[in-house]
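Asker: Got work.tsv for you, TSV, C-alpha atoms:
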```tsv
chain	number	residue	atom	x	y	z
V	36	MET	CA	-192.93	33.81	0.01
V	37	TYR	CA	-191.11	34.69	-3.20
V	38	TYR	CA	-187.93	36.70	-3.20
V	39	VAL	CA	-187.53	38.69	-6.44
V	40	TYR	CA	-184.08	39.55	-7.89
V	41	GLY	CA	-184.89	41.28	-11.12
V	42	VAL	CA	-186.89	41.39	-14.33
V	43	VAL	CA	-185.82	39.89	-17.67
V	44	ARG	CA	-187.56	39.06	-20.94
V	45	GLU	CA	-189.63	35.89	-21.11
V	46	GLY	CA	-187.61	33.01	-22.48
V	47	HIS	CA	-184.47	34.17	-20.64
V	48	PRO	CA	-182.59	31.06	-19.45
V	49	PRO	CA	-182.66	30.62	-15.64
V	50	PRO	CA	-179.31	31.50	-13.99
V	51	LYS	CA	-176.98	28.60	-13.32
V	52	ARG	CA	-176.46	29.76	-9.78
V	53	LYS	CA	-178.00	29.31	-6.37
V	54	GLY	CA	-179.69	32.34	-4.86
V	55	VAL	CA	-180.58	33.62	-1.40
V	56	GLY	CA	-181.55	31.35	1.47
V	57	ALA	CA	-179.86	29.02	3.91
V	58	PRO	CA	-178.83	26.76	2.33
V	59	PRO	CA	-178.81	28.79	-0.92
V	60	ALA	CA	-181.95	27.95	-2.88
V	61	ASP	CA	-182.64	27.55	-6.61
V	62	VAL	CA	-183.57	30.50	-8.79
V	63	THR	CA	-186.52	30.08	-11.14
V	64	LEU	CA	-188.32	32.37	-13.57
V	65	VAL	CA	-191.95	33.42	-13.23
V	66	GLU	CA	-193.27	34.60	-16.59
V	67	SER	CA	-196.11	36.87	-17.59
V	68	ALA	CA	-196.62	38.06	-21.16
V	69	SER	CA	-193.28	39.36	-22.47
V	70	LEU	CA	-191.58	39.58	-19.07
V	71	ALA	CA	-190.14	37.22	-16.49
V	72	ALA	CA	-189.08	37.70	-12.88
V	73	ALA	CA	-186.19	35.76	-11.35
V	74	VAL	CA	-187.41	34.44	-7.99
V	75	THR	CA	-186.52	32.13	-5.11
V	76	GLU	CA	-189.04	30.63	-2.72
V	77	LEU	CA	-188.18	31.36	0.90
V	78	PRO	CA	-189.72	30.49	4.26
V	79	ASP	CA	-192.00	33.34	5.41
V	80	ASP	CA	-189.91	34.11	8.47
V	81	TYR	CA	-186.62	34.25	6.60
V	82	VAL	CA	-184.23	37.01	7.68
V	83	ALA	CA	-181.59	37.99	5.12
V	84	GLY	CA	-177.94	38.67	5.90
V	85	GLU	CA	-174.65	39.54	4.24
V	86	GLU	CA	-174.43	36.32	2.26
V	87	ASP	CA	-177.85	37.03	0.78
V	88	ALA	CA	-176.67	40.45	-0.39
V	89	ARG	CA	-173.81	38.78	-2.26
V	90	ALA	CA	-176.18	36.09	-3.57
V	91	HIS	CA	-178.61	38.75	-4.84
V	92	LEU	CA	-175.83	40.40	-6.84
V	93	ASN	CA	-174.43	37.08	-8.08
V	94	VAL	CA	-177.81	36.04	-9.46
V	95	LEU	CA	-178.16	39.38	-11.29
V	96	ILE	CA	-174.65	39.00	-12.73
V	97	ALA	CA	-175.46	35.46	-13.86
V	98	LEU	CA	-178.69	36.68	-15.51
V	99	LEU	CA	-176.79	39.46	-17.24
V	100	LYS	CA	-174.62	36.90	-19.05
V	101	ASP	CA	-177.64	35.80	-21.09
V	102	GLY	CA	-179.32	39.13	-21.73
V	103	THR	CA	-180.67	42.33	-20.29
V	104	VAL	CA	-181.79	42.49	-16.67
V	105	ILE	CA	-183.50	45.16	-14.60
V	106	PRO	CA	-182.28	44.80	-11.03
V	107	LEU	CA	-184.79	45.15	-8.20
V	108	ARG	CA	-183.91	46.47	-4.77
V	109	MET	CA	-182.67	43.78	-2.40
V	110	GLY	CA	-185.39	42.58	-0.07
V	111	THR	CA	-188.31	42.69	-2.50
V	112	VAL	CA	-190.66	39.80	-1.66
V	113	GLU	CA	-194.16	38.82	-2.72
V	114	PRO	CA	-196.46	36.36	-0.94
V	115	ASP	CA	-196.89	34.01	-3.91
V	116	GLU	CA	-196.24	33.47	-7.61
V	117	GLU	CA	-199.47	35.18	-8.61
V	118	ALA	CA	-198.47	38.32	-6.69
V	119	VAL	CA	-195.11	38.30	-8.49
V	120	ARG	CA	-197.03	38.37	-11.77
V	121	THR	CA	-199.50	41.09	-10.82
V	122	ASP	CA	-197.29	43.38	-8.67
V	123	VAL	CA	-193.93	43.08	-10.40
V	124	LEU	CA	-194.64	42.14	-14.00
V	125	ASP	CA	-198.17	43.10	-15.04
V	126	SER	CA	-198.36	46.44	-13.25
V	127	ALA	CA	-195.55	47.82	-15.37
V	128	GLN	CA	-195.40	45.67	-18.50
V	129	ALA	CA	-195.03	48.62	-20.85
V	130	GLU	CA	-192.55	50.56	-18.76
V	131	MET	CA	-190.46	47.48	-17.94
V	132	GLY	CA	-190.45	46.56	-21.63
V	133	ARG	CA	-189.25	50.03	-22.59
V	134	ARG	CA	-186.55	49.89	-19.96
V	135	LEU	CA	-185.35	46.50	-21.11
V	136	ASP	CA	-185.20	47.75	-24.70
V	137	ALA	CA	-183.29	50.85	-23.65
V	138	LEU	CA	-180.76	48.84	-21.64
V	139	ASP	CA	-180.30	46.19	-24.30
V	140	GLY	CA	-176.67	45.28	-24.82
V	141	LEU	CA	-175.52	47.66	-22.09
V	142	VAL	CA	-173.63	46.76	-18.92
V	143	GLU	CA	-172.43	48.70	-15.91
V	144	LEU	CA	-168.73	49.01	-15.09
V	145	HIS	CA	-167.20	50.51	-11.97
V	146	VAL	CA	-163.93	52.36	-11.87
V	147	ASP	CA	-162.43	53.39	-8.54
V	148	ALA	CA	-159.27	55.46	-8.30
V	149	ASP	CA	-157.20	56.09	-5.18
V	150	ASP	CA	-154.01	58.06	-4.88
V	151	ASP	CA	-151.31	57.63	-2.27
V	152	GLU	CA	-151.98	60.38	0.28
V	153	SER	CA	-148.33	60.89	1.24
V	154	GLU	CA	-147.21	61.06	-2.38
V	155	SER	CA	-149.96	63.50	-3.28
V	156	ILE	CA	-149.19	65.75	-0.32
V	157	ALA	CA	-145.52	65.75	-1.28
V	158	ALA	CA	-146.46	66.73	-4.83
V	159	VAL	CA	-148.96	69.49	-4.01
V	160	ALA	CA	-147.07	70.95	-1.07
V	161	GLY	CA	-143.86	70.89	-3.09
V	162	ALA	CA	-145.41	72.55	-6.11
V	163	ALA	CA	-147.09	75.26	-4.02
V	164	GLY	CA	-144.07	75.79	-1.80
V	165	VAL	CA	-145.97	75.07	1.38
V	166	ARG	CA	-143.67	74.82	4.37
V	167	ILE	CA	-144.01	74.65	8.11
V	168	PRO	CA	-142.06	77.31	10.00
V	169	ALA	CA	-139.87	76.08	12.80
V	170	HIS	CA	-141.71	75.94	16.16
V	171	ALA	CA	-145.08	76.45	14.48
V	172	ASP	CA	-147.93	76.60	16.98
V	173	LEU	CA	-151.07	74.55	16.65
V	174	ASP	CA	-153.03	77.31	14.89
V	175	THR	CA	-150.33	77.62	12.24
V	176	LYS	CA	-150.25	73.87	11.78
V	177	LEU	CA	-154.02	73.75	11.40
V	178	GLU	CA	-153.90	76.57	8.87
V	179	ILE	CA	-151.23	74.79	6.84
V	180	GLY	CA	-153.11	71.52	7.15
V	181	GLN	CA	-156.22	73.19	5.76
V	182	GLN	CA	-154.22	74.72	2.95
V	183	VAL	CA	-152.78	71.29	2.09
V	184	ALA	CA	-156.29	69.82	2.32
V	185	SER	CA	-157.66	72.19	-0.31
V	186	LEU	CA	-154.63	71.60	-2.54
V	187	LEU	CA	-155.17	67.87	-2.14
V	188	VAL	CA	-158.86	68.13	-3.05
V	189	GLU	CA	-157.98	70.15	-6.14
V	190	HIS	CA	-155.22	67.68	-7.07
V	191	ARG	CA	-157.67	64.75	-6.84
V	192	ARG	CA	-160.36	66.63	-8.74
V	193	ARG	CA	-157.90	67.21	-11.56
V	194	LEU	CA	-156.85	63.55	-11.53
V	195	ALA	CA	-160.51	62.52	-11.66
V	196	GLU	CA	-161.18	64.81	-14.61
V	197	GLU	CA	-158.19	63.42	-16.49
V	198	ILE	CA	-159.31	59.84	-15.88
V	199	LEU	CA	-162.92	60.59	-16.84
V	200	ALA	CA	-161.80	62.30	-20.04
V	201	GLU	CA	-159.96	59.12	-21.01
V	202	LEU	CA	-162.86	56.77	-20.25
V	203	ARG	CA	-165.96	58.71	-21.29
V	204	PRO	CA	-165.44	58.32	-25.05
V	205	PHE	CA	-165.98	54.56	-24.61
V	206	ALA	CA	-169.12	54.80	-22.45
V	207	ALA	CA	-172.77	55.41	-23.31
V	208	GLY	CA	-173.28	57.12	-19.97
V	209	ASP	CA	-171.71	57.63	-16.58
V	210	THR	CA	-172.59	58.74	-13.09
V	211	PRO	CA	-170.76	59.17	-9.78
V	212	ARG	CA	-171.37	56.37	-7.26
V	213	SER	CA	-170.50	58.57	-4.36
V	214	VAL	CA	-169.81	62.25	-4.31
V	215	GLY	CA	-167.49	63.81	-1.81
V	216	ALA	CA	-165.11	66.69	-1.93
V	217	GLY	CA	-163.57	66.23	1.48
V	218	PRO	CA	-159.81	65.97	1.93
V	219	GLU	CA	-160.16	62.28	2.75
V	220	ASP	CA	-162.43	61.42	-0.15
V	221	PRO	CA	-161.00	59.25	-2.92
V	222	VAL	CA	-160.13	60.39	-6.43
V	223	LEU	CA	-162.97	58.54	-8.13
V	224	ARG	CA	-165.94	56.25	-7.43
V	225	TRP	CA	-167.72	56.05	-10.75
V	226	ALA	CA	-170.21	53.93	-12.69
V	227	PHE	CA	-170.11	53.69	-16.48
V	228	LEU	CA	-172.79	52.36	-18.80
V	229	VAL	CA	-170.97	50.58	-21.61
V	230	LYS	CA	-172.12	48.67	-24.68
V	231	ARG	CA	-171.19	45.04	-24.33
V	232	ASP	CA	-169.56	45.28	-27.74
V	233	ASP	CA	-167.36	48.13	-26.48
V	234	LEU	CA	-166.16	46.20	-23.44
V	235	GLU	CA	-162.75	45.47	-24.91
V	236	SER	CA	-162.26	49.09	-25.92
V	237	PHE	CA	-163.15	50.17	-22.40
V	238	ASP	CA	-160.73	47.57	-21.01
V	239	ASP	CA	-158.02	49.07	-23.18
V	240	ALA	CA	-158.93	52.56	-22.01
V	241	VAL	CA	-158.57	51.43	-18.38
V	242	ILE	CA	-155.18	49.94	-19.23
V	243	ALA	CA	-154.21	53.30	-20.71
V	244	VAL	CA	-155.40	55.14	-17.59
V	245	ARG	CA	-153.28	52.82	-15.46
V	246	SER	CA	-150.19	53.51	-17.54
V	247	HIS	CA	-150.77	57.27	-17.55
V	248	HIS	CA	-151.27	57.39	-13.78
V	249	PRO	CA	-148.87	54.81	-12.33
V	250	SER	CA	-149.17	56.25	-8.82
V	251	VAL	CA	-152.96	55.92	-8.78
V	252	ALA	CA	-154.50	52.60	-7.76
V	253	ILE	CA	-157.35	51.73	-10.13
V	254	ARG	CA	-160.04	49.20	-9.24
V	255	TYR	CA	-162.11	48.02	-12.17
V	256	VAL	CA	-165.24	45.90	-11.74
V	257	GLY	CA	-167.85	44.46	-14.09
V	258	PRO	CA	-169.87	43.73	-16.08
V	259	LEU	CA	-172.58	44.43	-13.51
V	260	PRO	CA	-176.34	44.86	-13.87
V	261	PRO	CA	-177.09	48.52	-14.71
V	262	ALA	CA	-178.22	49.35	-11.17
V	263	HIS	CA	-177.02	52.97	-11.35
V	264	PHE	CA	-178.91	53.56	-14.59
V	265	VAL	CA	-182.41	52.45	-13.65
V	266	ASP	CA	-183.00	55.27	-11.24
V	267	TRP	CA	-186.74	55.54	-11.36
V	268	ASP	CA	-188.04	55.27	-7.86
V	269	ARG	CA	-191.35	53.53	-8.15
V	270	VAL	CA	-192.95	51.20	-10.61
V	271	PRO	CA	-195.17	52.01	-12.38
V	272	ALA	CA	-193.53	55.32	-13.04
V	273	GLU	CA	-194.56	58.08	-15.35
V	274	ALA	CA	-192.46	58.27	-18.44
V	275	LYS	CA	-189.21	59.97	-17.59
V	276	PRO	CA	-186.41	60.93	-19.93
V	277	ASP	CA	-183.83	58.19	-20.15
V	278	SER	CA	-181.56	58.34	-17.18
V	279	PHE	CA	-178.50	57.16	-19.00
V	280	SER	CA	-177.83	59.64	-21.72
V	281	ALA	CA	-174.34	60.90	-20.88
V	282	GLN	CA	-174.86	62.76	-17.66
V	283	GLY	CA	-171.55	64.32	-16.93
V	284	ARG	CA	-172.94	65.21	-13.53
V	285	TRP	CA	-170.03	66.68	-11.72
V	286	SER	CA	-170.85	68.04	-8.34
V	287	TRP	CA	-167.97	68.52	-5.99
T	159	MET	CA	-159.78	36.80	-22.07
T	160	THR	CA	-156.26	38.11	-22.47
T	161	VAL	CA	-157.61	41.63	-22.44
T	162	ALA	CA	-159.62	40.98	-19.30
T	163	LEU	CA	-156.49	39.76	-17.56
T	164	GLN	CA	-154.46	42.78	-18.57
T	165	SER	CA	-157.08	45.23	-17.46
T	166	ASN	CA	-157.61	43.36	-14.18
T	167	ARG	CA	-161.36	43.63	-14.38
T	168	SER	CA	-162.96	41.84	-11.43
T	169	PRO	CA	-166.32	40.21	-12.06
T	170	ARG	CA	-167.86	41.60	-8.87
T	171	PRO	CA	-167.12	44.06	-6.08
T	172	SER	CA	-165.03	42.46	-3.38
T	173	SER	CA	-165.93	44.60	-0.39
T	174	LEU	CA	-169.27	44.13	1.30
T	175	ALA	CA	-169.80	47.90	1.38
T	176	ASP	CA	-169.66	48.02	-2.42
T	177	VAL	CA	-172.02	45.06	-2.73
T	178	LEU	CA	-174.53	46.68	-0.37
T	179	ASP	CA	-174.26	49.95	-2.22
T	180	LEU	CA	-175.39	48.16	-5.36
T	181	VAL	CA	-178.14	45.92	-4.00
T	182	LEU	CA	-179.56	48.02	-1.15
T	183	ASP	CA	-179.14	51.55	-2.46
T	184	LYS	CA	-179.81	50.91	-6.13
T	185	GLY	CA	-182.29	48.91	-8.13
T	186	VAL	CA	-185.95	49.35	-8.85
T	187	VAL	CA	-188.40	49.59	-5.96
T	188	ILE	CA	-191.70	47.92	-6.79
T	189	ASP	CA	-194.90	49.65	-5.71
T	190	ALA	CA	-196.73	47.72	-3.00
T	191	TYR	CA	-193.67	45.63	-2.42
T	192	VAL	CA	-193.01	43.83	0.79
T	193	ARG	CA	-189.66	44.29	2.39
T	194	LEU	CA	-187.76	41.27	3.61
T	195	ALA	CA	-186.25	41.53	7.08
T	196	LEU	CA	-182.55	42.24	6.91
T	197	VAL	CA	-180.22	41.58	9.79
T	198	GLY	CA	-177.09	43.61	10.47
T	199	ILE	CA	-176.95	45.05	7.01
T	200	GLU	CA	-178.49	48.50	7.21
T	201	ILE	CA	-176.32	49.52	10.14
T	202	LEU	CA	-173.25	48.46	8.24
T	203	THR	CA	-174.19	50.58	5.23
T	204	LEU	CA	-174.66	53.56	7.47
T	205	ASP	CA	-171.31	52.98	9.11
T	206	ALA	CA	-169.55	52.94	5.77
T	207	ARG	CA	-170.89	56.39	4.98
T	208	ILE	CA	-169.56	58.24	7.97
T	209	VAL	CA	-166.64	60.30	6.76
T	210	ILE	CA	-165.77	63.46	8.60
T	211	ALA	CA	-162.72	65.58	7.97
T	212	SER	CA	-161.52	66.44	11.43
T	213	VAL	CA	-158.88	68.60	13.01
T	214	ASP	CA	-156.76	65.45	13.17
T	215	THR	CA	-156.85	65.26	9.38
T	216	TYR	CA	-155.44	68.76	9.03
T	217	LEU	CA	-152.77	68.05	11.61
T	218	ARG	CA	-151.84	64.86	9.79
T	219	PHE	CA	-151.44	66.83	6.55
T	220	ALA	CA	-149.34	69.47	8.30
T	221	GLU	CA	-147.16	66.75	9.75
T	222	ALA	CA	-146.69	65.25	6.29
T	223	VAL	CA	-145.49	68.65	5.04
T	224	ASN	CA	-143.20	68.92	8.02
T	225	ARG	CA	-141.59	65.62	7.15
T	226	LEU	CA	-141.12	66.88	3.62
T	227	ASP	CA	-139.01	69.73	5.00
T	228	LEU	CA	-136.85	67.40	7.02
T	229	GLN	CA	-135.46	65.71	3.94
T	230	PRO	CA	-131.97	66.39	2.61
T	231	GLN	CA	-131.73	69.48	0.41
T	232	GLU	CA	-131.34	67.67	-2.92
T	233	GLN	CA	-134.55	65.78	-2.37
T	234	ALA	CA	-136.67	68.75	-1.42
T	235	THR	CA	-139.56	69.40	-3.77
T	236	GLY	CA	-140.04	73.09	-2.93
T	237	LEU	CA	-139.37	75.87	-5.46
T	238	PRO	CA	-142.85	77.11	-6.21
T	239	GLY	CA	-143.75	77.32	-9.87
T	240	LEU	CA	-140.82	75.30	-11.08
T	241	ILE	CA	-142.36	71.92	-10.53
T	242	GLY	CA	-144.49	71.12	-13.54
T	243	ASP	CA	-146.58	68.11	-14.25
T	244	LEU	CA	-143.67	66.30	-15.87
T	245	GLN	CA	-141.38	66.79	-12.92
T	246	GLU	CA	-144.08	65.96	-10.46
T	247	GLY	CA	-143.78	62.26	-11.13
T	248	GLY	CA	-140.06	62.30	-10.53
T	249	ALA	CA	-140.39	64.29	-7.37
T	250	ARG	CA	-142.92	61.84	-6.03
T	251	LYS	CA	-140.60	58.94	-6.57
T	252	LYS	CA	-137.80	60.67	-4.71
T	253	THR	CA	-139.92	61.47	-1.73
T	254	LYS	CA	-141.72	58.17	-1.63
T	255	GLY	CA	-139.20	56.39	0.57
T	256	ALA	CA	-138.88	59.22	3.00
T	257	LEU	CA	-142.62	59.60	3.33
T	258	SER	CA	-143.71	56.02	3.46
T	259	GLY	CA	-143.59	55.97	7.23
T	260	ALA	CA	-145.45	59.25	7.61
T	261	ALA	CA	-148.96	57.90	7.39
T	262	ASN	CA	-148.42	55.22	9.99
T	263	SER	CA	-146.75	57.36	12.58
T	264	ALA	CA	-148.83	60.48	11.95
T	265	LYS	CA	-151.54	59.40	14.35
T	266	GLU	CA	-149.02	58.87	17.13
T	267	VAL	CA	-147.45	62.23	16.51
T	268	VAL	CA	-150.79	63.94	16.40
T	269	SER	CA	-152.06	62.39	19.57
T	270	SER	CA	-148.86	63.12	21.46
T	271	MET	CA	-148.89	66.66	20.14
T	272	ARG	CA	-152.48	67.19	21.15
T	273	GLY	CA	-151.91	65.59	24.51
T	274	ASP	CA	-149.03	67.95	25.27
T	275	GLU	CA	-150.80	71.07	24.23
T	276	ASP	CA	-154.08	70.30	25.87
T	277	ASP	CA	-152.33	71.01	29.15
T	278	GLU	CA	-151.52	74.53	28.13
T	279	GLU	CA	-154.41	76.78	28.97
T	280	GLU	CA	-153.35	79.57	26.64
T	281	GLU	CA	-153.23	77.30	23.62
T	282	THR	CA	-156.66	75.91	24.29
T	283	ARG	CA	-158.29	79.31	24.66
T	284	SER	CA	-157.03	80.63	21.35
T	285	ARG	CA	-158.26	77.69	19.34
T	286	PRO	CA	-161.75	78.27	17.97
T	287	ARG	CA	-161.36	75.61	15.26
T	288	ARG	CA	-160.74	72.89	17.77
T	289	ALA	CA	-163.40	70.23	17.59
T	290	PRO	CA	-165.16	69.19	20.77
T	291	ALA	CA	-164.08	65.87	22.22
T	292	GLY	CA	-167.14	64.19	20.79
T	293	ARG	CA	-165.83	64.69	17.25
T	294	SER	CA	-163.31	61.97	17.69
T	295	ALA	CA	-165.97	59.29	18.05
T	296	PRO	CA	-166.76	58.83	14.33
T	297	ARG	CA	-163.07	58.90	13.54
T	298	SER	CA	-162.54	55.70	15.46
T	299	ARG	CA	-164.88	53.98	13.03
T	300	ARG	CA	-162.90	54.85	9.97
T	301	PRO	CA	-159.98	52.52	10.51
T	302	SER	CA	-162.33	49.55	10.71
T	303	ARG	CA	-163.94	50.50	7.40
T	304	ARG	CA	-160.53	50.80	5.78
T	305	ARG	CA	-159.41	47.48	7.17
T	306	GLU	CA	-162.42	45.81	5.69
T	307	ASP	CA	-161.81	47.38	2.31
T	308	ASP	CA	-158.16	46.38	2.38
T	309	GLU	CA	-158.85	42.83	3.38
T	310	GLU	CA	-161.51	42.19	0.83
T	311	GLY	CA	-160.65	44.66	-1.88
```
Please express the file's structure as structure tokens.

Answerer:
Amino acid sequence: MYYVYGVVREGHPPPKRKGVGAPPADVTLVESASLAAAVTELPDDYVAGEEDARAHLNVLIALLKDGTVIPLRMGTVEPDEEAVRTDVLDSAQAEMGRRLDALDGLVELHVDADDDESESIAAVAGAAGVRIPAHADLDTKLEIGQQVASLLVEHRRRLAEEILAELRPFAAGDTPRSVGAGPEDPVLRWAFLVKRDDLESFDDAVIAVRSHHPSVAIRYVGPLPPAHFVDWDRVPAEAKPDSFSAQGRWSW
Amino acid sequence: MTVALQSNRSPRPSSLADVLDLVLDKGVVIDAYVRLALVGIEILTLDARIVIASVDTYLRFAEAVNRLDLQPQEQATGLPGLIGDLQEGGARKKTKGALSGAANSAKEVVSSMRGDEDDEEEETRSRPRRAPAGRSAPRSRRPSRRREDDEEG
């Protein structure tokens, strides 16, 4: 059977990287009209594991170096080359082509931000004058803990807004990767869609964020395939508005 | 390349949870596609999602505030309204040393505190917010997720 990683334009150079399989197998391109699918031939009874998940992503990243790629969900397989052509490429030529055009020159970047819980509690509790009375009973402690929790959530929300305000001017779009407003949720887990040409500007903006928030740990990853910006569920799909015009979705 | 070094951009996510989030949760699903068998992976994704704020969390926060109060007067960060954004940074630095041990020992404190008070019938009765014992089960998963993130991330 054929394992499919993603769709690129025909003529895209094959990735210089091994793919899924044990041992990792070669990645080739199956072309049809203006499109090509990156595939690996696997034994029919193959069961994928963690290493294959990493391999899937690595192949997409390698493809991205040479042009635009539409990532497919991990685990997509077709019985043979012909099925790859008909099911993956031909059934959605027009839509895939439009998507490739729309994503041209764009890459995904991830920015994660985490504060130091103890430091943040010290800051918010200090600023709000929260104290624990001597010999506080459990109910009082829980009440104060809840009060601190909501202050902490607000503190992190404000941090996130400050960071987003610094980064958004350099992105073509952005979307949260996970949304949580619990007291143990991190400051930020975000995906940005950035023009490849703007990568250095975005790098500089991340450097600026780091210097403005020295107590916040920033993780910065990319360029990645635009997996968070191809959010149409099924192919072929009816024409939807582009998913990556600046979303500013902010649901806490 | 110099810029890339300064900004510490990593080429790919280091933790498996982040990789799975990208390849299993995202990406185009082809109509009439066949799904490859995956071993061990789906359960792991699910595990990474379980985050529940529990009573223990609130007690840990309260304990952190308590430790704040135990510091010498000149280091206290109280005084509501007087601490602005500019001073906040300074205050954090001062309290950093004193608080660095709080996170590690908070669990001990909490469990000993809960253990003591569980014996007192009166306390238990007047505690509607108390989670049932079953709530602590997901909590035990969280440390393992964090360890993984720390190791690989």

Asker: Need to verify the contact set: segment 182-188 of chain V, 7 Å, all atoms listed in the file, exclusion of same-chain residues closer than 4 positions in sequence. Can you return it as a PyMOL selection string?

Answerer: (chain V and resi 155-156+159-160+178+192+216-218) or (chain T and resi 216+219)

Asker: Which residue out of V:Met36, V:Leu99, V:Ala83, V:Val104 has the minimum interatomic distance to chain T when all atoms listed in the file are used?

Answerer: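 With all atoms listed in the file as the atom set, the closest residue is V:Ala83.
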
Asker: For a quick check of understanding, using only C-alpha atoms, which of T:Leu217, T:Val181, T:Ile188, T:Leu174 has the smallest distance to Asp172 of chain V?

Answerer: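 Among the listed residues, T:Leu217 lies closest to Asp172 of chain V.
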
Asker: Once you count only C-alpha atoms, what closest atom pair and distance in Å to one decimal does each residue of chain V within 7 Å of chain T have, with rows by chain and rising residue number, as JSON lines?

Answerer:
```
{"residue": "V:Val82", "atom": "CA", "partner": "T:Ala195", "partner_atom": "CA", "distance": 5.0}
{"residue": "V:Ala83", "atom": "CA", "partner": "T:Leu196", "partner_atom": "CA", "distance": 4.7}
{"residue": "V:Gly84", "atom": "CA", "partner": "T:Val197", "partner_atom": "CA", "distance": 5.4}
{"residue": "V:Glu85", "atom": "CA", "partner": "T:Ile199", "partner_atom": "CA", "distance": 6.6}
{"residue": "V:Ala88", "atom": "CA", "partner": "T:Leu178", "partner_atom": "CA", "distance": 6.6}
{"residue": "V:Arg89", "atom": "CA", "partner": "T:Val177", "partner_atom": "CA", "distance": 6.5}
{"residue": "V:Leu92", "atom": "CA", "partner": "T:Val181", "partner_atom": "CA", "distance": 6.6}
{"residue": "V:Pro106", "atom": "CA", "partner": "T:Gly185", "partner_atom": "CA", "distance": 5.0}
{"residue": "V:Leu107", "atom": "CA", "partner": "T:Val186", "partner_atom": "CA", "distance": 4.4}
{"residue": "V:Arg108", "atom": "CA", "partner": "T:Gly185", "partner_atom": "CA", "distance": 4.5}
{"residue": "V:Met109", "atom": "CA", "partner": "T:Val181", "partner_atom": "CA", "distance": 5.3}
{"residue": "V:Gly110", "atom": "CA", "partner": "T:Leu194", "partner_atom": "CA", "distance": 4.6}
{"residue": "V:Thr111", "atom": "CA", "partner": "T:Arg193", "partner_atom": "CA", "distance": 5.3}
{"residue": "V:Val112", "atom": "CA", "partner": "T:Val192", "partner_atom": "CA", "distance": 5.3}
{"residue": "V:Glu113", "atom": "CA", "partner": "T:Val192", "partner_atom": "CA", "distance": 6.2}
{"residue": "V:Val123", "atom": "CA", "partner": "T:Ile188", "partner_atom": "CA", "distance": 6.4}
{"residue": "V:Ser153", "atom": "CA", "partner": "T:Leu257", "partner_atom": "CA", "distance": 6.2}
{"residue": "V:Glu154", "atom": "CA", "partner": "T:Arg250", "partner_atom": "CA", "distance": 5.7}
{"residue": "V:Ala157", "atom": "CA", "partner": "T:Arg250", "partner_atom": "CA", "distance": 6.7}
{"residue": "V:Ala158", "atom": "CA", "partner": "T:Arg250", "partner_atom": "CA", "distance": 6.2}
{"residue": "V:Ala160", "atom": "CA", "partner": "T:Val223", "partner_atom": "CA", "distance": 6.7}
{"residue": "V:Gly161", "atom": "CA", "partner": "T:Gly236", "partner_atom": "CA", "distance": 4.4}
{"residue": "V:Ala162", "atom": "CA", "partner": "T:Pro238", "partner_atom": "CA", "distance": 5.2}
{"residue": "V:Ala163", "atom": "CA", "partner": "T:Pro238", "partner_atom": "CA", "distance": 5.1}
{"residue": "V:Gly164", "atom": "CA", "partner": "T:Pro238", "partner_atom": "CA", "distance": 4.8}
{"residue": "V:Arg166", "atom": "CA", "partner": "T:Val223", "partner_atom": "CA", "distance": 6.5}
{"residue": "V:Ile167", "atom": "CA", "partner": "T:Asn224", "partner_atom": "CA", "distance": 5.8}
{"residue": "V:Asp174", "atom": "CA", "partner": "T:Arg285", "partner_atom": "CA", "distance": 6.9}
{"residue": "V:Lys176", "atom": "CA", "partner": "T:Ala220", "partner_atom": "CA", "distance": 5.7}
{"residue": "V:Leu177", "atom": "CA", "partner": "T:Tyr216", "partner_atom": "CA", "distance": 5.7}
{"residue": "V:Ile179", "atom": "CA", "partner": "T:Ala220", "partner_atom": "CA", "distance": 5.8}
{"residue": "V:Gly180", "atom": "CA", "partner": "T:Tyr216", "partner_atom": "CA", "distance": 4.1}
{"residue": "V:Gln181", "atom": "CA", "partner": "T:Tyr216", "partner_atom": "CA", "distance": 5.6}
{"residue": "V:Val183", "atom": "CA", "partner": "T:Phe219", "partner_atom": "CA", "distance": 6.4}
{"residue": "V:Ala184", "atom": "CA", "partner": "T:Tyr216", "partner_atom": "CA", "distance": 6.8}
{"residue": "V:Gly217", "atom": "CA", "partner": "T:Ala211", "partner_atom": "CA", "distance": 6.6}
{"residue": "V:Pro218", "atom": "CA", "partner": "T:Ala211", "partner_atom": "CA", "distance": 6.7}
{"residue": "V:Glu219", "atom": "CA", "partner": "T:Ala211", "partner_atom": "CA", "distance": 6.7}
{"residue": "V:Glu235", "atom": "CA", "partner": "T:Val161", "partner_atom": "CA", "distance": 6.9}
{"residue": "V:Asp238", "atom": "CA", "partner": "T:Ser165", "partner_atom": "CA", "distance": 5.6}
{"residue": "V:Asp239", "atom": "CA", "partner": "T:Ser165", "partner_atom": "CA", "distance": 7.0}
{"residue": "V:Val241", "atom": "CA", "partner": "T:Ser165", "partner_atom": "CA", "distance": 6.4}
{"residue": "V:Ile242", "atom": "CA", "partner": "T:Ser165", "partner_atom": "CA", "distance": 5.4}
{"residue": "V:Tyr255", "atom": "CA", "partner": "T:Arg167", "partner_atom": "CA", "distance": 5.0}
{"residue": "V:Val256", "atom": "CA", "partner": "T:Ser168", "partner_atom": "CA", "distance": 4.7}
{"residue": "V:Gly257", "atom": "CA", "partner": "T:Pro169", "partner_atom": "CA", "distance": 5.0}
{"residue": "V:Pro258", "atom": "CA", "partner": "T:Pro169", "partner_atom": "CA", "distance": 6.4}
{"residue": "V:Ala262", "atom": "CA", "partner": "T:Gly185", "partner_atom": "CA", "distance": 5.1}
{"residue": "V:His263", "atom": "CA", "partner": "T:Lys184", "partner_atom": "CA", "distance": 6.3}
{"residue": "V:Val265", "atom": "CA", "partner": "T:Gly185", "partner_atom": "CA", "distance": 6.6}
{"residue": "V:Trp267", "atom": "CA", "partner": "T:Val186", "partner_atom": "CA", "distance": 6.7}
{"residue": "V:Asp268", "atom": "CA", "partner": "T:Val187", "partner_atom": "CA", "distance": 6.0}
{"residue": "V:Arg269", "atom": "CA", "partner": "T:Val187", "partner_atom": "CA", "distance": 5.4}
{"residue": "V:Val270", "atom": "CA", "partner": "T:Ile188", "partner_atom": "CA", "distance": 5.2}
```
